[in-house]
Amino acid sequence: MKKLLLIVFLIIIAGAGFALAVSQSNQTQGELMDKKILVAYFSWSGNTKSIAQKIQAKTGGDIFEITPVTPYPADYNETAYGVAKEQKDKGIHPPINNKDVTPYDVVFVGTPAWWYTMAPPVMTFLAENNFEGKTVIPFVTHGGGGGYTIDKDMAKLAKGARVLSPFVAYGKGGAGVDNDLAEWLKKVGF
Ligand SMILES: Cc1cc2nc3c(=O)[nH]c(=O)nc-3n(C[C@H](O)[C@H](O)[C@H](O)COP(=O)(O)O)c2cc1C
């Protein structure tokens, strides 16, 4: 009898633990829905822009394209192996047409992977705004290398922000992109 009681007791404890774990993993769901949202992105060839527009359509909020004051050349090699490489190597944050993020609680920040990290205009955007107390949600498109440590790189520049798990897509994200985005948005709090 004692043994039976012990087993029942253990089952109850295990059940309670499981319920707690589930409730904790869902804790943030819906948390960000009522916040003031900005979807900010830089895009050179359209992939990141396509993801940004989908995120904006799914979350509402405002959308803002980060543009460098001096546009990158239209030629891939000139941009990739010329200006962008030089900026990456020298740690240059190029001047941008900036937007003040003060009114926003949540800022999605989109970038293509450029030389294993975010594109330099996105560095400028993060470094020149005050992100204290805000939530930054990165999204990255890449050409095969993945998301690298771009979320961590963003956290270093957006001082005082809470940086959530990034959405990472190859190119425009392929046929499953809408489902993938919906799942990720739920996970980060929508
Ligand atoms: C300057 C430059 C650097 C790039 N560096 C990388 C890289 O390090 N890793 C990678 O996977 N793709 C790299 N790519 C490919 C882009 O990340 C990829 O095509 C991305 O989806 C482009 O986004 P966009 O269309 O919004 O500009 C690079 C492209 C450019 C132009």
# chains A, B, ... in the order shown; residues from 1 in each chain; ligands from 1
call {"tool": "residues_near_ligand", "arguments": {"ligand": "ligand 1", "cutoff": "10 Å", "atoms": "only C-alpha atoms and all ligand atoms", "output": "compact mmCIF listing (two decimals) with C-alpha atoms, in the first residue's frame"}}
result
# COMPACT_ATOMS: atom_id res chain seq x y z
CA TYR A 41 15.51 46.30 -42.58
CA PHE A 42 18.33 46.77 -45.03
CA SER A 43 18.20 44.92 -48.32
CA TRP A 44 20.51 45.16 -51.31
CA SER A 45 18.91 42.66 -53.70
CA GLY A 46 15.36 42.22 -52.32
CA ASN A 47 15.43 39.03 -50.21
CA THR A 48 15.41 40.69 -46.80
CA LYS A 49 12.84 43.19 -48.05
CA SER A 50 10.52 40.32 -48.99
CA ILE A 51 10.76 38.83 -45.47
CA ALA A 52 10.33 42.29 -43.89
CA TYR A 72 26.06 50.67 -52.78
CA ALA A 74 24.47 48.04 -58.45
CA ASP A 75 27.28 45.68 -59.51
CA TYR A 76 27.64 42.63 -57.25
CA ASN A 77 31.42 42.39 -57.35
CA GLU A 78 31.89 46.11 -56.74
CA THR A 79 29.64 45.90 -53.68
CA ALA A 80 30.67 42.52 -52.30
CA TYR A 81 34.43 42.64 -52.89
CA GLY A 82 34.75 46.44 -52.95
CA VAL A 83 32.78 48.74 -50.65
CA ALA A 84 31.17 46.17 -48.35
CA LYS A 85 34.42 44.24 -47.86
CA GLU A 86 36.31 47.42 -47.06
CA GLN A 87 33.66 48.53 -44.54
CA LYS A 88 33.71 45.10 -42.92
CA GLY A 110 16.44 42.60 -40.81
CA THR A 111 19.72 42.18 -42.63
CA PRO A 112 21.34 40.07 -45.30
CA ALA A 113 24.41 38.15 -44.09
CA TRP A 114 27.32 40.21 -45.37
CA TRP A 115 30.78 38.81 -44.76
CA TYR A 116 29.62 36.57 -41.88
CA THR A 117 27.75 39.28 -40.00
CA MET A 118 25.07 41.96 -40.52
CA ALA A 119 25.40 44.55 -43.30
CA PRO A 120 27.23 47.73 -42.16
CA VAL A 140 18.54 37.32 -41.52
CA THR A 141 18.69 36.17 -45.12
CA HIS A 142 21.82 34.50 -46.46
CA GLY A 143 23.35 32.81 -49.48
CA GLY A 144 24.17 29.47 -47.82
CA GLY A 145 26.21 30.39 -44.76
CA GLY A 146 23.30 30.62 -42.31
CA GLY A 147 22.72 33.19 -39.59
CA TYR A 148 26.26 33.09 -38.16
CA VAL A 168 17.04 32.82 -40.60
CA ALA A 169 16.23 32.16 -44.26
CA TYR A 170 18.17 31.07 -47.31
CA GLY A 171 17.39 33.69 -49.98
CA LYS A 172 13.69 34.56 -49.78
CA GLY A 173 13.02 31.52 -47.60
call {"tool": "residues_around", "arguments": {"residues": "Phe167 (chain A)", "least_positions_apart": "4", "cutoff": "9 Å", "atoms": "only C-alpha atoms", "output": "count of residues only"}}
result
10
call {"tool": "select_by_dssp", "arguments": {"residues": "region 38-131 of chain A", "states": "strand (DSSP E)", "output": "number ranges by chain"}}
result
A: 38-41, 62-65, 67-68, 96-97, 106-114, 117-118
call {"tool": "atom_distance", "arguments": {"atom1": "CA of Asn130 (chain A)", "atom2": "CA of Ala161 (chain A)"}}
result
8.9 Å
call {"tool": "select_by_dssp", "arguments": {"residues": "region 79-157 of chain A", "states": "helix (DSSP H, G or I)", "output": "short mmCIF file (atom, residue, chain, number, x, y, z; two decimals) with N, CA and C atoms, in the first residue's frame"}}
result
data_model
loop_
_atom_site.label_atom_id
_atom_site.label_comp_id
_atom_site.auth_asym_id
_atom_site.auth_seq_id
_atom_site.Cartn_x
_atom_site.Cartn_y
_atom_site.Cartn_z
N THR A 79 30.18 45.79 -55.05
CA THR A 79 29.64 45.90 -53.68
C THR A 79 30.29 44.87 -52.77
N ALA A 80 30.24 43.60 -53.19
CA ALA A 80 30.67 42.52 -52.30
C ALA A 80 32.17 42.57 -52.01
N TYR A 81 32.97 42.71 -53.07
CA TYR A 81 34.43 42.64 -52.89
C TYR A 81 35.07 44.03 -52.79
N GLY A 82 34.25 45.07 -53.06
CA GLY A 82 34.75 46.44 -52.95
C GLY A 82 34.29 47.10 -51.66
N VAL A 83 33.21 47.89 -51.77
CA VAL A 83 32.78 48.74 -50.65
C VAL A 83 32.45 47.94 -49.38
N ALA A 84 31.63 46.90 -49.53
CA ALA A 84 31.17 46.17 -48.35
C ALA A 84 32.33 45.47 -47.64
N LYS A 85 33.25 44.93 -48.43
CA LYS A 85 34.42 44.24 -47.86
C LYS A 85 35.30 45.24 -47.10
N GLU A 86 35.48 46.41 -47.70
CA GLU A 86 36.31 47.42 -47.06
C GLU A 86 35.68 47.89 -45.74
N GLN A 87 34.35 48.10 -45.78
CA GLN A 87 33.66 48.53 -44.54
C GLN A 87 33.77 47.47 -43.46
N LYS A 88 33.61 46.21 -43.89
CA LYS A 88 33.71 45.10 -42.92
C LYS A 88 35.13 45.05 -42.32
N ASP A 89 36.13 45.10 -43.20
CA ASP A 89 37.52 44.97 -42.74
C ASP A 89 37.94 46.12 -41.82
N LYS A 90 37.43 47.32 -42.11
CA LYS A 90 37.85 48.50 -41.33
C LYS A 90 36.88 48.83 -40.19
N PRO A 120 26.79 46.54 -42.91
CA PRO A 120 27.23 47.73 -42.16
C PRO A 120 26.15 48.78 -41.90
N PRO A 121 25.22 49.07 -42.83
CA PRO A 121 24.19 50.07 -42.49
C PRO A 121 23.32 49.66 -41.29
N VAL A 122 23.19 48.35 -41.08
CA VAL A 122 22.40 47.87 -39.94
C VAL A 122 23.19 48.08 -38.64
N MET A 123 24.51 47.97 -38.75
CA MET A 123 25.36 48.29 -37.59
C MET A 123 25.14 49.75 -37.18
N THR A 124 25.13 50.64 -38.19
CA THR A 124 24.91 52.07 -37.90
C THR A 124 23.56 52.27 -37.22
N PHE A 125 22.53 51.64 -37.77
CA PHE A 125 21.16 51.78 -37.22
C PHE A 125 21.12 51.37 -35.76
N LEU A 126 21.77 50.26 -35.42
CA LEU A 126 21.75 49.76 -34.04
C LEU A 126 22.60 50.65 -33.12
N ALA A 127 23.74 51.08 -33.63
CA ALA A 127 24.67 51.85 -32.79
C ALA A 127 24.17 53.28 -32.54
N GLU A 128 23.43 53.83 -33.52
CA GLU A 128 23.06 55.25 -33.41
C GLU A 128 21.69 55.49 -32.80
N ILE A 150 24.85 36.57 -35.92
CA ILE A 150 24.34 37.92 -36.17
C ILE A 150 23.46 38.42 -35.01
N ASP A 151 22.71 37.50 -34.37
CA ASP A 151 21.89 37.95 -33.23
C ASP A 151 22.78 38.45 -32.09
N LYS A 152 23.87 37.76 -31.86
CA LYS A 152 24.79 38.18 -30.78
C LYS A 152 25.52 39.47 -31.17
N ASP A 153 25.87 39.57 -32.45
CA ASP A 153 26.51 40.80 -32.93
C ASP A 153 25.55 41.98 -32.76
N MET A 154 24.27 41.73 -33.02
CA MET A 154 23.28 42.81 -32.85
C MET A 154 23.17 43.21 -31.37
N ALA A 155 23.21 42.21 -30.49
CA ALA A 155 23.07 42.49 -29.05
C ALA A 155 24.20 43.40 -28.56
N LYS A 156 25.38 43.23 -29.14
CA LYS A 156 26.52 44.06 -28.71
C LYS A 156 26.31 45.53 -29.10
N LEU A 157 25.63 45.76 -30.23
CA LEU A 157 25.45 47.14 -30.71
C LEU A 157 24.20 47.79 -30.13
#
call {"tool": "residues_around", "arguments": {"residues": "region 35-40 of chain A", "least_positions_apart": "5", "cutoff": "8 Å", "atoms": "only C-alpha atoms", "output": "CSV table (one decimal) with C-alpha atoms, in the first residue's frame"}}
result
chain,number,residue,atom,x,y,z
A,52,ALA,CA,10.3,42.3,-43.9
A,55,ILE,CA,6.6,40.2,-41.0
A,56,GLN,CA,5.0,43.6,-41.3
A,59,THR,CA,2.4,41.8,-37.1
A,60,GLY,CA,1.1,45.2,-38.2
A,61,GLY,CA,3.3,48.1,-37.1
A,62,ASP,CA,5.4,50.3,-39.2
A,63,ILE,CA,8.0,49.4,-41.8
A,64,PHE,CA,11.3,51.2,-42.4
A,65,GLU,CA,14.0,50.6,-45.0
A,66,ILE,CA,17.5,51.4,-43.7
A,101,VAL,CA,13.1,54.2,-32.6
A,103,PRO,CA,8.2,55.5,-30.0
A,104,TYR,CA,8.6,51.7,-30.4
A,105,ASP,CA,8.6,48.8,-27.9
A,106,VAL,CA,9.6,46.1,-30.4
A,107,VAL,CA,12.0,46.5,-33.3
A,108,PHE,CA,12.4,43.7,-35.8
A,109,VAL,CA,15.8,44.3,-37.4
A,110,GLY,CA,16.4,42.6,-40.8
call {"tool": "closest_residue", "arguments": {"among": "A:Ala57, A:Ala158, A:Ile96, A:Val188", "to": "Pro71 (chain A)", "atoms": "only C-alpha atoms"}}
result
A:Ile96
call {"tool": "atom_distance", "arguments": {"atom1": "CA of Lys134 (chain A)", "atom2": "CA of Pro166 (chain A)"}}
result
15.6 Å
call {"tool": "atom_distance", "arguments": {"atom1": "CA of Lys58 (chain A)", "atom2": "CA of Glu31 (chain A)"}}
result
15.1 Å
